[in-house]
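For reference, upload.tsv is printed below; it contains TSV, C-alpha atoms.
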chain	number	residue	atom	x	y	z
S	29	MET	CA	100.24	61.14	86.48
S	30	THR	CA	103.61	62.55	87.47
S	31	SER	CA	104.61	65.73	85.66
S	32	SER	CA	107.62	65.40	83.40
S	33	ASN	CA	108.58	68.97	84.31
S	34	PRO	CA	108.43	69.26	88.11
S	35	ILE	CA	108.79	72.76	89.53
S	36	PRO	CA	112.20	73.15	91.21
S	37	ASP	CA	112.01	73.83	94.95
S	38	HIS	CA	113.72	77.22	94.70
S	39	VAL	CA	111.28	78.36	92.00
S	40	ARG	CA	108.30	77.15	94.03
S	41	SER	CA	109.65	78.94	97.11
S	42	ASN	CA	110.18	82.19	95.21
S	43	ALA	CA	106.67	81.99	93.76
S	44	GLN	CA	105.19	81.45	97.21
S	45	ASN	CA	107.14	84.41	98.62
S	46	ASP	CA	106.00	86.63	95.75
S	47	SER	CA	102.41	85.60	96.40
S	48	LEU	CA	102.68	86.40	100.10
S	49	GLY	CA	104.02	89.85	99.37
S	50	ASP	CA	101.49	90.69	96.69
S	51	ASP	CA	98.63	89.44	98.85
S	52	HIS	CA	99.75	91.73	101.70
S	53	ILE	CA	100.03	89.00	104.33
S	54	GLY	CA	101.71	89.58	107.67
S	55	THR	CA	103.10	86.77	109.77
S	56	SER	CA	102.76	88.07	113.33
S	57	VAL	CA	101.40	90.85	115.52
S	58	ASP	CA	104.97	91.32	116.73
S	59	THR	CA	107.62	92.47	114.29
S	60	PRO	CA	109.63	89.34	113.36
S	61	LEU	CA	113.06	89.80	114.95
S	62	ARG	CA	115.90	87.40	115.64
S	63	ALA	CA	117.09	86.92	119.22
S	64	ASP	CA	120.40	88.61	118.37
S	65	ALA	CA	118.79	91.61	116.65
S	66	PHE	CA	120.48	94.17	118.91
S	67	GLU	CA	123.87	92.65	119.57
S	68	LEU	CA	125.46	95.03	117.06
S	69	SER	CA	125.59	98.75	117.74
S	70	ASP	CA	124.08	101.20	115.26
S	71	GLU	CA	127.54	102.06	113.96
S	72	GLU	CA	128.41	98.38	113.51
S	73	LYS	CA	125.19	97.80	111.61
S	74	MET	CA	125.86	100.75	109.32
S	75	SER	CA	129.39	99.50	108.67
S	76	ARG	CA	127.98	96.11	107.68
S	77	ILE	CA	125.15	97.47	105.51
S	78	GLU	CA	127.31	99.96	103.58
S	79	PRO	CA	129.40	97.43	101.59
S	80	LEU	CA	126.36	95.23	101.04
S	81	PHE	CA	124.40	98.08	99.46
S	82	ARG	CA	127.49	99.06	97.50
S	83	GLU	CA	127.49	95.55	96.05
S	84	ILE	CA	123.82	95.84	95.07
S	85	MET	CA	124.54	99.07	93.21
S	86	GLU	CA	127.55	97.55	91.49
S	87	VAL	CA	125.58	94.48	90.42
S	88	MET	CA	123.03	96.83	88.84
S	89	GLY	CA	125.85	98.37	86.85
S	90	LEU	CA	126.01	101.77	88.54
S	91	ASP	CA	129.30	103.68	88.49
S	92	LEU	CA	130.14	104.39	92.11
S	93	THR	CA	133.07	106.57	91.14
S	94	ASP	CA	130.53	109.20	90.08
S	95	ASP	CA	130.31	112.02	92.63
S	96	SER	CA	126.52	111.67	92.85
S	97	LEU	CA	126.66	107.96	93.70
S	98	SER	CA	129.89	107.53	95.66
S	99	GLY	CA	128.33	108.40	99.01
S	100	THR	CA	125.05	106.56	98.47
S	101	PRO	CA	125.95	103.26	100.22
S	102	ARG	CA	126.82	105.12	103.44
S	103	ARG	CA	123.75	107.35	103.19
S	104	VAL	CA	121.48	104.33	102.73
S	105	ALA	CA	123.10	102.49	105.65
S	106	LYS	CA	122.57	105.49	107.93
S	107	MET	CA	119.01	105.96	106.68
S	108	TYR	CA	118.12	102.33	107.37
S	109	VAL	CA	119.55	102.18	110.88
S	110	GLN	CA	118.99	105.68	112.27
S	111	GLU	CA	116.00	106.92	110.33
S	112	ILE	CA	113.39	104.82	108.54
S	113	PHE	CA	113.96	101.66	110.63
S	114	ARG	CA	114.90	103.23	113.95
S	115	GLY	CA	111.67	101.94	115.45
S	116	LEU	CA	113.10	98.42	115.47
S	117	ASN	CA	115.32	99.28	118.42
S	118	PRO	CA	113.37	99.28	121.71
S	119	GLU	CA	115.83	101.83	123.09
S	120	ASN	CA	114.22	104.34	120.71
S	121	HIS	CA	110.74	103.82	122.12
S	122	PRO	CA	109.40	107.21	123.25
S	123	VAL	CA	109.15	107.84	126.97
S	124	CYS	CA	105.42	108.11	127.63
S	125	ARG	CA	104.67	109.41	131.09
S	126	THR	CA	101.04	109.42	132.10
S	127	PHE	CA	99.26	111.86	134.38
S	128	ASN	CA	96.19	111.79	136.59
S	129	ASN	CA	93.03	112.78	134.78
S	130	THR	CA	92.54	115.73	137.14
S	131	TYR	CA	89.94	117.33	134.84
S	132	ALA	CA	87.79	114.19	135.19
S	133	TYR	CA	87.37	114.28	131.41
S	134	GLY	CA	85.27	111.22	130.60
S	135	GLU	CA	84.65	111.53	126.87
S	136	MET	CA	86.87	110.18	124.14
S	137	LEU	CA	90.03	112.01	123.21
S	138	VAL	CA	90.77	111.91	119.48
S	139	GLU	CA	94.09	112.72	117.83
S	140	LYS	CA	93.47	112.66	114.09
S	141	ASP	CA	95.42	113.17	110.88
S	142	ILE	CA	98.73	112.06	112.40
S	143	ASN	CA	101.32	112.01	109.65
S	144	LEU	CA	102.51	108.47	108.95
S	145	ASN	CA	105.55	107.33	106.99
S	146	SER	CA	106.44	103.65	107.06
S	147	THR	CA	108.01	100.99	104.85
S	148	CYS	CA	106.40	97.91	103.33
S	149	GLU	CA	108.28	94.84	104.57
S	150	HIS	CA	107.55	92.91	101.37
S	151	HIS	CA	109.22	95.29	98.91
S	152	PHE	CA	110.89	97.93	101.13
S	153	LEU	CA	108.86	100.68	99.48
S	154	PRO	CA	107.17	103.57	101.30
S	155	ILE	CA	103.77	103.52	102.99
S	156	THR	CA	102.41	107.03	103.47
S	157	GLY	CA	99.21	108.18	105.07
S	158	ARG	CA	97.46	109.27	108.24
S	159	ALA	CA	96.65	107.67	111.56
S	160	HIS	CA	93.66	108.51	113.75
S	161	VAL	CA	93.82	107.51	117.41
S	162	ALA	CA	91.28	107.74	120.22
S	163	TYR	CA	90.99	106.62	123.82
S	164	ARG	CA	88.83	107.01	126.89
S	165	SER	CA	90.74	107.60	130.10
S	166	SER	CA	90.51	105.07	132.92
S	167	GLY	CA	92.12	107.62	135.23
S	168	ARG	CA	95.37	108.35	133.40
S	169	VAL	CA	96.09	110.60	130.41
S	170	ILE	CA	99.07	111.06	128.11
S	171	GLY	CA	100.61	114.14	126.49
S	172	LEU	CA	99.19	114.67	123.01
S	173	SER	CA	102.58	114.71	121.30
S	174	LYS	CA	103.33	111.28	122.78
S	175	ILE	CA	100.53	109.78	120.69
S	176	ASN	CA	102.20	111.12	117.55
S	177	ARG	CA	105.56	109.80	118.72
S	178	LEU	CA	104.11	106.34	119.34
S	179	VAL	CA	102.65	106.24	115.83
S	180	ASP	CA	105.99	107.31	114.39
S	181	HIS	CA	107.93	104.78	116.47
S	182	TYR	CA	105.97	101.76	115.26
S	183	ALA	CA	105.86	103.11	111.72
S	184	LYS	CA	109.66	103.33	111.61
S	185	ARG	CA	110.23	99.65	110.92
S	186	PRO	CA	109.46	97.25	108.08
S	187	GLN	CA	105.69	96.89	108.36
S	188	VAL	CA	102.40	95.66	107.07
S	189	GLN	CA	99.58	98.07	107.77
S	190	GLU	CA	97.47	95.59	109.73
S	191	ARG	CA	100.31	94.90	112.17
S	192	LEU	CA	101.15	98.60	112.51
S	193	THR	CA	97.54	99.39	113.43
S	194	ARG	CA	97.48	96.71	116.13
S	195	GLN	CA	100.90	97.62	117.54
S	196	ILE	CA	99.84	101.23	118.08
S	197	ALA	CA	96.62	100.14	119.77
S	198	GLU	CA	98.32	97.60	122.04
S	199	ALA	CA	100.98	100.12	123.08
S	200	LEU	CA	98.35	102.71	124.04
S	201	LYS	CA	96.31	100.13	125.97
S	202	SER	CA	99.40	99.19	127.97
S	203	ILE	CA	100.58	102.74	128.62
S	204	LEU	CA	97.16	104.12	129.58
S	205	ASP	CA	95.93	100.98	131.35
S	206	THR	CA	92.64	101.07	129.47
S	207	GLU	CA	90.88	98.83	126.96
S	208	ASP	CA	89.04	101.82	125.45
S	209	VAL	CA	91.34	102.48	122.48
S	210	ALA	CA	90.73	102.84	118.75
S	211	VAL	CA	93.15	103.23	115.86
S	212	VAL	CA	92.36	103.81	112.17
S	213	ILE	CA	95.03	104.14	109.49
S	214	GLU	CA	94.50	105.34	105.92
S	215	ALA	CA	97.55	104.88	103.71
S	216	LYS	CA	98.88	104.50	100.20
S	217	HIS	CA	101.43	101.80	99.39
S	218	LEU	CA	104.06	102.42	96.73
S	219	CYS	CA	104.34	98.66	96.25
S	220	VAL	CA	100.82	98.98	94.77
S	221	SER	CA	101.15	102.31	92.98
S	222	SER	CA	104.70	102.13	91.56
S	223	ARG	CA	105.04	98.42	90.73
S	224	GLY	CA	102.84	95.40	90.17
S	225	ILE	CA	99.32	96.62	89.35
S	226	GLU	CA	100.53	100.27	89.38
S	227	ASP	CA	97.25	101.56	90.80
S	228	GLU	CA	97.85	105.15	91.90
S	229	GLN	CA	94.31	105.84	93.13
S	230	SER	CA	93.59	103.13	95.69
S	231	SER	CA	94.36	103.41	99.39
S	232	THR	CA	94.16	101.00	102.31
S	233	VAL	CA	92.17	101.50	105.51
S	234	THR	CA	92.75	99.40	108.63
S	235	ALA	CA	91.11	99.69	112.04
S	236	ASP	CA	91.55	98.21	115.50
S	237	TYR	CA	88.81	98.77	118.10
S	238	HIS	CA	88.92	97.80	121.76
S	239	GLY	CA	86.71	98.14	124.82
S	240	ALA	CA	83.96	100.73	124.48
S	241	PHE	CA	84.80	101.25	120.80
S	242	HIS	CA	83.15	97.91	120.02
S	243	GLN	CA	79.86	99.66	120.78
S	244	GLU	CA	78.31	100.92	117.56
S	245	ALA	CA	77.42	104.38	118.92
S	246	VAL	CA	80.89	104.98	120.35
S	247	ARG	CA	82.59	103.78	117.19
S	248	ARG	CA	80.30	105.96	115.05
S	249	GLU	CA	81.17	109.02	117.17
S	250	PHE	CA	84.88	108.35	116.65
S	251	LEU	CA	84.46	107.92	112.90
S	252	ASP	CA	82.38	111.10	112.71
S	253	HIS	CA	85.20	112.98	114.45
S	254	ILE	CA	87.86	111.82	112.04
S	255	ARG	CA	85.69	112.37	108.97
S	256	GLY	CA	84.76	115.86	110.13
Starting from the file, lay out its structure as structure tokens.
Amino acid sequence: MTSSNPIPDHVRSNAQNDSLGDDHIGTSVDTPLRADAFELSDEEKMSRIEPLFREIMEVMGLDLTDDSLSGTPRRVAKMYVQEIFRGLNPENHPVCRTFNNTYAYGEMLVEKDINLNSTCEHHFLPITGRAHVAYRSSGRVIGLSKINRLVDHYAKRPQVQERLTRQIAEALKSILDTEDVAVVIEAKHLCVSSRGIEDEQSSTVTADYHGAFHQEAVRREFLDHIRG
């Protein structure tokens, strides 16, 4: 029997999009970007975003003549382009020189409790937490601060945590020319704690293991390090 009240296409589409966001689904290992994503300069992007955010504020009924609000559209535009989403631009990728492993250090190197601040791509709300990264050298090593910078670079874009975890791992594998890489991220999502279910206690853990870290003993050693 055909329903006498069919669901309009735009309502069905909105419902599907809401479901995707609430179910924390990502669409690709690579951040979805259009082919023309970098044709505009940072300044041009900020100039385009500023009036658009001004319109959002005006639609919400805010008085932009107030001293506290008048500069907000420009501040938000600058924040989006040069701060919280600066990791979208490949020109901002950290330079990660590698060096010969002259110490012949053959055990895993673990960098834990790396501060992580990202943004949920479904609601544009913060993701905050910690990243733990480990690798075994195949002959090359990287400066410790570069690991932190890599985490920050991939975090500074609209993200889902699963994709972020994999992007960090794949970048390290490529830079260090090794399969022996592990990444674990523990984070809280404001799209969970401040809206929707409003659960302030839960957190999300994601992991990506490669090479030797698929071995139970090696993985357990890594997890013992980050728990300790």
* To do: Name the residues in contact with stretch 62-74 of chain S at a cut-off of 12 Å, using only C-alpha atoms, excluding same-chain residues fewer than 4 positions from it; report them as a list of chain:residue names.
  => S:Asp58, S:Glu78, S:Pro79, S:Leu80, S:Phe81, S:Pro101, S:Arg102, S:Arg103, S:Val104, S:Ala105, S:Lys106, S:Met107, S:Tyr108, S:Val109, S:Gln110, S:Glu111, S:Phe113, S:Arg114, S:Leu116, S:Asn117, S:Pro118, S:Glu119, S:Asn120
Calculate, to one decimal in Å, the centre and edge lengths of the box along x, y and z of the file that holds all listed atoms of stretch 237-254 of chain S with 8 Å of margin on each side, and present them as lines of an AutoDock Vina configuration file.
center_x = 83.2
center_y = 105.4
center_z = 118.4
size_x = 27.5
size_y = 31.2
size_z = 28.8
* Asked: Closest to S:Gly157 among S:Arg76, S:Gly256, S:Val57, S:Glu214, using only C-alpha atoms?
  -> S:Glu214
* Surrounding residues of S:Val179 excluding itself and chain neighbours under 3 positions, 9 Å, all atoms listed in the file, as number ranges by chain -> S: 142-144, 159, 174-176, 182-184, 192-193, 195-196
* **Among listed residues S:Thr93, S:Ile155, S:Asn145, S:Met85, nearest S:Ser222 (using only C-alpha atoms)** =>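 Among S:Thr93, S:Ile155, S:Asn145, S:Met85, it is S:Ile155 that comes nearest to S:Ser222.
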Could I get stretch 152-181 of chain S rebuilt with N, CA and C atoms, written as a PDB file, in the coordinates of the input?
ATOM      1  N   PHE S 152     110.095  96.806 100.623  1.00  0.00           N
ATOM      2  CA  PHE S 152     110.890  97.930 101.130  1.00  0.00           C
ATOM      3  C   PHE S 152     110.597  99.214 100.354  1.00  0.00           C
ATOM      4  N   LEU S 153     109.322  99.445 100.102  1.00  0.00           N
ATOM      5  CA  LEU S 153     108.860 100.680  99.480  1.00  0.00           C
ATOM      6  C   LEU S 153     107.997 101.437 100.480  1.00  0.00           C
ATOM      7  N   PRO S 154     107.859 102.757 100.293  1.00  0.00           N
ATOM      8  CA  PRO S 154     107.170 103.570 101.300  1.00  0.00           C
ATOM      9  C   PRO S 154     105.672 103.281 101.430  1.00  0.00           C
ATOM     10  N   ILE S 155     105.189 103.448 102.651  1.00  0.00           N
ATOM     11  CA  ILE S 155     103.770 103.520 102.990  1.00  0.00           C
ATOM     12  C   ILE S 155     103.558 104.911 103.565  1.00  0.00           C
ATOM     13  N   THR S 156     102.651 105.667 102.995  1.00  0.00           N
ATOM     14  CA  THR S 156     102.410 107.030 103.470  1.00  0.00           C
ATOM     15  C   THR S 156     100.925 107.240 103.721  1.00  0.00           C
ATOM     16  N   GLY S 157     100.615 107.941 104.785  1.00  0.00           N
ATOM     17  CA  GLY S 157      99.210 108.180 105.070  1.00  0.00           C
ATOM     18  C   GLY S 157      98.990 108.915 106.365  1.00  0.00           C
ATOM     19  N   ARG S 158      97.853 108.601 107.010  1.00  0.00           N
ATOM     20  CA  ARG S 158      97.460 109.270 108.240  1.00  0.00           C
ATOM     21  C   ARG S 158      96.938 108.239 109.226  1.00  0.00           C
ATOM     22  N   ALA S 159      97.191 108.504 110.490  1.00  0.00           N
ATOM     23  CA  ALA S 159      96.650 107.670 111.560  1.00  0.00           C
ATOM     24  C   ALA S 159      95.692 108.506 112.401  1.00  0.00           C
ATOM     25  N   HIS S 160      94.633 107.873 112.867  1.00  0.00           N
ATOM     26  CA  HIS S 160      93.660 108.510 113.750  1.00  0.00           C
ATOM     27  C   HIS S 160      93.561 107.640 115.002  1.00  0.00           C
ATOM     28  N   VAL S 161      93.741 108.256 116.160  1.00  0.00           N
ATOM     29  CA  VAL S 161      93.820 107.510 117.410  1.00  0.00           C
ATOM     30  C   VAL S 161      92.853 108.122 118.416  1.00  0.00           C
ATOM     31  N   ALA S 162      92.179 107.250 119.175  1.00  0.00           N
ATOM     32  CA  ALA S 162      91.280 107.740 120.220  1.00  0.00           C
ATOM     33  C   ALA S 162      91.371 106.843 121.443  1.00  0.00           C
ATOM     34  N   TYR S 163      91.093 107.427 122.609  1.00  0.00           N
ATOM     35  CA  TYR S 163      90.990 106.620 123.820  1.00  0.00           C
ATOM     36  C   TYR S 163      90.057 107.300 124.815  1.00  0.00           C
ATOM     37  N   ARG S 164      89.555 106.504 125.743  1.00  0.00           N
ATOM     38  CA  ARG S 164      88.830 107.010 126.890  1.00  0.00           C
ATOM     39  C   ARG S 164      89.675 106.723 128.127  1.00  0.00           C
ATOM     40  N   SER S 165      89.868 107.737 128.934  1.00  0.00           N
ATOM     41  CA  SER S 165      90.740 107.600 130.100  1.00  0.00           C
ATOM     42  C   SER S 165      90.103 106.704 131.168  1.00  0.00           C
ATOM     43  N   SER S 166      90.937 105.855 131.758  1.00  0.00           N
ATOM     44  CA  SER S 166      90.510 105.070 132.920  1.00  0.00           C
ATOM     45  C   SER S 166      91.070 105.684 134.201  1.00  0.00           C
ATOM     46  N   GLY S 167      91.541 106.922 134.091  1.00  0.00           N
ATOM     47  CA  GLY S 167      92.120 107.620 135.230  1.00  0.00           C
ATOM     48  C   GLY S 167      93.476 108.229 134.928  1.00  0.00           C
ATOM     49  N   ARG S 168      94.070 107.825 133.803  1.00  0.00           N
ATOM     50  CA  ARG S 168      95.370 108.350 133.400  1.00  0.00           C
ATOM     51  C   ARG S 168      95.248 108.952 132.002  1.00  0.00           C
ATOM     52  N   VAL S 169      96.050 109.975 131.737  1.00  0.00           N
ATOM     53  CA  VAL S 169      96.090 110.600 130.410  1.00  0.00           C
ATOM     54  C   VAL S 169      97.549 110.705 129.976  1.00  0.00           C
ATOM     55  N   ILE S 170      97.730 110.991 128.699  1.00  0.00           N
ATOM     56  CA  ILE S 170      99.070 111.060 128.110  1.00  0.00           C
ATOM     57  C   ILE S 170      99.197 112.362 127.337  1.00  0.00           C
ATOM     58  N   GLY S 171     100.392 112.931 127.284  1.00  0.00           N
ATOM     59  CA  GLY S 171     100.610 114.140 126.490  1.00  0.00           C
ATOM     60  C   GLY S 171     100.277 113.894 125.032  1.00  0.00           C
ATOM     61  N   LEU S 172      99.651 114.866 124.388  1.00  0.00           N
ATOM     62  CA  LEU S 172      99.190 114.670 123.010  1.00  0.00           C
ATOM     63  C   LEU S 172     100.332 114.318 122.070  1.00  0.00           C
ATOM     64  N   SER S 173     101.470 114.969 122.226  1.00  0.00           N
ATOM     65  CA  SER S 173     102.580 114.710 121.300  1.00  0.00           C
ATOM     66  C   SER S 173     103.093 113.280 121.423  1.00  0.00           C
ATOM     67  N   LYS S 174     102.868 112.648 122.586  1.00  0.00           N
ATOM     68  CA  LYS S 174     103.330 111.280 122.780  1.00  0.00           C
ATOM     69  C   LYS S 174     102.560 110.302 121.894  1.00  0.00           C
ATOM     70  N   ILE S 175     101.307 110.626 121.587  1.00  0.00           N
ATOM     71  CA  ILE S 175     100.530 109.780 120.690  1.00  0.00           C
ATOM     72  C   ILE S 175     101.171 109.804 119.298  1.00  0.00           C
ATOM     73  N   ASN S 176     101.522 111.004 118.847  1.00  0.00           N
ATOM     74  CA  ASN S 176     102.200 111.120 117.550  1.00  0.00           C
ATOM     75  C   ASN S 176     103.523 110.371 117.545  1.00  0.00           C
ATOM     76  N   ARG S 177     104.258 110.479 118.641  1.00  0.00           N
ATOM     77  CA  ARG S 177     105.560 109.800 118.720  1.00  0.00           C
ATOM     78  C   ARG S 177     105.407 108.284 118.727  1.00  0.00           C
ATOM     79  N   LEU S 178     104.360 107.782 119.363  1.00  0.00           N
ATOM     80  CA  LEU S 178     104.110 106.340 119.340  1.00  0.00           C
ATOM     81  C   LEU S 178     103.811 105.857 117.926  1.00  0.00           C
ATOM     82  N   VAL S 179     102.955 106.596 117.224  1.00  0.00           N
ATOM     83  CA  VAL S 179     102.650 106.240 115.830  1.00  0.00           C
ATOM     84  C   VAL S 179     103.931 106.209 115.012  1.00  0.00           C
ATOM     85  N   ASP S 180     104.750 107.233 115.164  1.00  0.00           N
ATOM     86  CA  ASP S 180     105.990 107.310 114.390  1.00  0.00           C
ATOM     87  C   ASP S 180     106.944 106.174 114.754  1.00  0.00           C
ATOM     88  N   HIS S 181     107.020 105.833 116.040  1.00  0.00           N
ATOM     89  CA  HIS S 181     107.930 104.780 116.470  1.00  0.00           C
ATOM     90  C   HIS S 181     107.601 103.451 115.804  1.00  0.00           C
TER      91      HIS S 181
END
